[in-house]
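Participant: I have a structure here, written as structure tokens, and I will follow up with some questions on it.
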Amino acid sequence: MKIVIAIDGYSGTGKSSTAKQVASRLGYTYIDSGAMYRAVTYYFLSNNIPFKKIDDLKEMLGACDISFEGTSVVLNGKKIDAEIRTMEVNHNVSPVSAISEVRAKLVEQQRKMGDNKGVVMDGRDIGTVVFPDAELKVFMTADMDIRAERRRKELEKRGIIESLEVIKENLKERDHIDSTRKDSPLVMASDAIEVDTSGLTLTQQIDKIVSMAESIIYEN
């Protein structure tokens, strides 16, 4: 039996790193929904599209083709893994994600990706909107200081040096926008299992969720 695993939560809690490895351990397909929103944000920014005042957003989105090659994000035929992880994209991804037309386009794509199950998808509305019937829903949280330090190290690996205070303010701003937007706000699904990753290593996070998944898979 194959299942759908939906992992939601705040930035810097380890969602993507954990989801990617959970998928690998289970032989499932990993889908990074956050990277899809980052790709749209990068598309808007690189084409100087004023996304806050777009008259014909659907036409613009029609020219924005997002796909995956393995774990790499591809926008209109070009891999953009590094480009979508800059601080400029970090600062703009939540406002772009709050645009209803953007969410509608990407949610439709994400649902199609999960038609045959056997997928692990992480994001902010996966268990509440994209896959409300997912067999396993996880909601990840962590202490703000720990989240900021994780993000700082992530940026540093990409050659981006940023202060903890700037990163922390960016995370707080994103939390606020994500949690208060009218369309698909970040909330924990009523049947999700909360996992606080503050005191967990990446390996422990992965082991915990794989164990949850296997208990469901082998029970059915």
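Naming scheme: A, B, ... for chains in displayed order of the structure tokens; residues 1 onward per chain; ligands 1 onward as shown.
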Enumerate as a list in words all residues of segment 19-214 of chain A assigned to strand (DSSP E) by DSSP on the backbone, naming them with the chain letters and numbers the document uses.
Facilitator: Thr29, Tyr30, Ile31, Asp32, Ile66, Ser67, Phe68, Glu69, Ser72, Val73, Val74, Leu75, Lys78, Lys79, Val119, Val120, Met121, Asp122, Gly123, Leu136, Lys137, Val138, Phe139, Met140, Thr141, Ile193, Glu194, Val195 and Asp196 of chain A
Participant: Show me, as a tab-separated table, the residues of segment 48-140 of chain A having an atom within 7 Å of segment 180-203 of chain A, each with the closest atom pair and its distance in Å, using only C-alpha atoms.
Facilitator:
residue	atom	partner	partner_atom	distance
A:Ala98	CA	A:Arg181	CA	6.1
A:Ser100	CA	A:Asp183	CA	6.3
A:Arg124	CA	A:Leu186	CA	5.2
A:Asp125	CA	A:Leu186	CA	6.0
A:Gly127	CA	A:Ala189	CA	6.1
A:Thr128	CA	A:Ala189	CA	5.5
A:Val129	CA	A:Ser184	CA	6.8
A:Lys137	CA	A:Ala192	CA	4.6
A:Val138	CA	A:Ile193	CA	4.8
A:Phe139	CA	A:Glu194	CA	4.7
A:Met140	CA	A:Val195	CA	4.9
Participant: Taking only residues of segment 79-183 of chain A that have an atom at most 7 Å from an atom of segment 12-34 of chain A, what is each one's shortest atom pair and its distance in Å to one decimal, using only C-alpha atoms, in chain and number order, as JSON lines?
Facilitator:
{"residue": "A:Gly118", "atom": "CA", "partner": "A:Tyr28", "partner_atom": "CA", "distance": 5.0}
{"residue": "A:Val119", "atom": "CA", "partner": "A:Thr29", "partner_atom": "CA", "distance": 4.6}
{"residue": "A:Val120", "atom": "CA", "partner": "A:Tyr30", "partner_atom": "CA", "distance": 5.0}
{"residue": "A:Met121", "atom": "CA", "partner": "A:Ile31", "partner_atom": "CA", "distance": 4.8}
{"residue": "A:Asp122", "atom": "CA", "partner": "A:Asp32", "partner_atom": "CA", "distance": 5.8}
{"residue": "A:Gly123", "atom": "CA", "partner": "A:Gly34", "partner_atom": "CA", "distance": 5.5}
{"residue": "A:Met140", "atom": "CA", "partner": "A:Thr13", "partner_atom": "CA", "distance": 6.2}
{"residue": "A:Thr141", "atom": "CA", "partner": "A:Thr13", "partner_atom": "CA", "distance": 5.7}
{"residue": "A:Ala142", "atom": "CA", "partner": "A:Thr13", "partner_atom": "CA", "distance": 5.5}
{"residue": "A:Arg147", "atom": "CA", "partner": "A:Gly12", "partner_atom": "CA", "distance": 4.4}
{"residue": "A:Ala148", "atom": "CA", "partner": "A:Gly12", "partner_atom": "CA", "distance": 6.7}
{"residue": "A:Arg150", "atom": "CA", "partner": "A:Gly12", "partner_atom": "CA", "distance": 6.1}
{"residue": "A:Arg151", "atom": "CA", "partner": "A:Gly12", "partner_atom": "CA", "distance": 5.8}
Participant: Could you write out that same residue set with N, CA and C atoms as a PDB file, in the first residue's frame?
Facilitator:
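Generated file (result-v1.pdb):
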ATOM      1  N   GLY A 118       2.107   7.515  -3.000  1.00  0.00           N
ATOM      2  CA  GLY A 118       3.542   7.281  -2.938  1.00  0.00           C
ATOM      3  C   GLY A 118       4.337   8.565  -3.031  1.00  0.00           C
ATOM      4  N   VAL A 119       3.805   9.649  -2.424  1.00  0.00           N
ATOM      5  CA  VAL A 119       4.492  10.941  -2.466  1.00  0.00           C
ATOM      6  C   VAL A 119       4.640  11.521  -1.060  1.00  0.00           C
ATOM      7  N   VAL A 120       5.689  12.302  -0.904  1.00  0.00           N
ATOM      8  CA  VAL A 120       5.895  13.090   0.310  1.00  0.00           C
ATOM      9  C   VAL A 120       5.960  14.541  -0.153  1.00  0.00           C
ATOM     10  N   MET A 121       5.070  15.369   0.339  1.00  0.00           N
ATOM     11  CA  MET A 121       5.054  16.782  -0.056  1.00  0.00           C
ATOM     12  C   MET A 121       5.101  17.650   1.188  1.00  0.00           C
ATOM     13  N   ASP A 122       5.944  18.673   1.154  1.00  0.00           N
ATOM     14  CA  ASP A 122       6.005  19.583   2.288  1.00  0.00           C
ATOM     15  C   ASP A 122       5.623  20.981   1.860  1.00  0.00           C
ATOM     16  N   GLY A 123       5.094  21.757   2.812  1.00  0.00           N
ATOM     17  CA  GLY A 123       4.667  23.119   2.514  1.00  0.00           C
ATOM     18  C   GLY A 123       3.969  23.737   3.703  1.00  0.00           C
ATOM     19  N   MET A 140       5.312  20.534  11.584  1.00  0.00           N
ATOM     20  CA  MET A 140       6.601  20.734  12.236  1.00  0.00           C
ATOM     21  C   MET A 140       6.758  22.143  12.797  1.00  0.00           C
ATOM     22  N   THR A 141       7.257  22.215  14.020  1.00  0.00           N
ATOM     23  CA  THR A 141       7.521  23.491  14.681  1.00  0.00           C
ATOM     24  C   THR A 141       8.939  23.453  15.256  1.00  0.00           C
ATOM     25  N   ALA A 142       9.434  24.627  15.672  1.00  0.00           N
ATOM     26  CA  ALA A 142      10.738  24.700  16.332  1.00  0.00           C
ATOM     27  C   ALA A 142      10.886  26.086  16.936  1.00  0.00           C
ATOM     28  N   ARG A 147      15.434  28.040  14.527  1.00  0.00           N
ATOM     29  CA  ARG A 147      15.054  28.179  13.117  1.00  0.00           C
ATOM     30  C   ARG A 147      15.958  29.186  12.403  1.00  0.00           C
ATOM     31  N   ALA A 148      16.230  30.311  13.064  1.00  0.00           N
ATOM     32  CA  ALA A 148      17.068  31.354  12.459  1.00  0.00           C
ATOM     33  C   ALA A 148      18.494  30.854  12.240  1.00  0.00           C
ATOM     34  N   ARG A 150      19.439  27.738  11.813  1.00  0.00           N
ATOM     35  CA  ARG A 150      19.412  26.766  10.714  1.00  0.00           C
ATOM     36  C   ARG A 150      19.394  27.474   9.371  1.00  0.00           C
ATOM     37  N   ARG A 151      18.579  28.532   9.263  1.00  0.00           N
ATOM     38  CA  ARG A 151      18.496  29.273   8.006  1.00  0.00           C
ATOM     39  C   ARG A 151      19.819  29.976   7.710  1.00  0.00           C
TER      40      ARG A 151
END
Participant: Rounded to one decimal place, report the atom CA of Asn48 of chain A-atom CA of Glu169 of chain A distance in Å.
Facilitator: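 So the two atoms, atom CA of Asn48 of chain A and atom CA of Glu169 of chain A, lie 24.9 Å apart.
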Participant: At most 10 Å is the cut-off: for each residue in segment 137-199 of chain A with any atom that close to an atom of segment 74-85 of chain A, write down the nearest atom pair and the distance in Å rounded to one decimal, counting only C-alpha atoms, chain first then increasing number, as a tab-separated table.
Facilitator:
residue	atom	partner	partner_atom	distance
A:Glu154	CA	A:Arg85	CA	9.2
A:Leu155	CA	A:Arg85	CA	7.8
A:Arg158	CA	A:Ala82	CA	7.6
A:Ile160	CA	A:Arg85	CA	9.6
Participant: For segment 215-219 of chain A, please output as a list of chain:residue names all residues within 8 Å (counting only C-alpha atoms; exclusion window: fewer than 6 positions along the same chain).
Facilitator: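 Answer for this query is A:Met1, A:Lys2, A:Ile3, A:Glu135, A:Leu136.
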Participant: Determine which residues of segment 141-198 of chain A DSSP labels as helix (DSSP H, G or I) from the backbone of this structure, then write them out as a PyMOL selection string.
Facilitator: chain A and resi 144-157+164-180
Participant: For Leu57 of chain A, find every residue with an atom within 9 Å (counting only C-alpha atoms), except residues of its own chain fewer than 5 positions away, and show them as a short mmCIF file (atom, residue, chain, number, x, y, z; two decimals) with N, CA and C atoms, in the first residue's frame.
Facilitator:
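Output file out_29.cif follows:
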data_model
loop_
_atom_site.label_atom_id
_atom_site.label_comp_id
_atom_site.auth_asym_id
_atom_site.auth_seq_id
_atom_site.Cartn_x
_atom_site.Cartn_y
_atom_site.Cartn_z
N PHE A 51 4.19 42.03 -9.09
CA PHE A 51 3.18 41.04 -8.70
C PHE A 51 2.10 41.57 -7.78
N GLY A 62 0.55 31.53 -17.03
CA GLY A 62 0.52 30.57 -18.12
C GLY A 62 1.87 30.41 -18.79
N GLU A 101 -4.60 33.53 -7.24
CA GLU A 101 -4.39 32.93 -8.56
C GLU A 101 -3.15 32.05 -8.59
N VAL A 102 -2.11 32.47 -7.88
CA VAL A 102 -0.88 31.67 -7.80
C VAL A 102 -1.16 30.36 -7.08
#
Participant: As an exercise, work out the distance from atom CA of Ser67 of chain A to atom CA of Lys112 of chain A in Å and give it to one decimal place.
Facilitator: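 That distance, rounded to one decimal, is 12.3 Å.
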Participant: Output as JSON lines one row per residue of segment 68-99 of chain A within 9 Å of segment 171-175 of chain A: the closest atom pair and its distance in Å to one decimal place, counting only C-alpha atoms, sorted by chain and residue number ascending.
Facilitator:
{"residue": "A:Asn90", "atom": "CA", "partner": "A:Arg174", "partner_atom": "CA", "distance": 8.6}
{"residue": "A:His91", "atom": "CA", "partner": "A:Arg174", "partner_atom": "CA", "distance": 7.9}
{"residue": "A:Val93", "atom": "CA", "partner": "A:Arg174", "partner_atom": "CA", "distance": 8.4}
{"residue": "A:Ser94", "atom": "CA", "partner": "A:Arg174", "partner_atom": "CA", "distance": 5.8}
{"residue": "A:Pro95", "atom": "CA", "partner": "A:Arg174", "partner_atom": "CA", "distance": 8.5}
Participant: Atom CA of Ile5 of chain A and atom CA of Val73 of chain A, how far apart in Å?
Facilitator: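 Answer for the atom CA of Val73 of chain A to atom CA of Ile5 of chain A separation: 20.1 Å.
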Participant: Could you check the closest approach to Asp133 of chain A for each of A:Met212, A:Leu106, A:Lys168, A:Ala6 and tell me which residue wins, using only C-alpha atoms?
Facilitator: A:Ala6
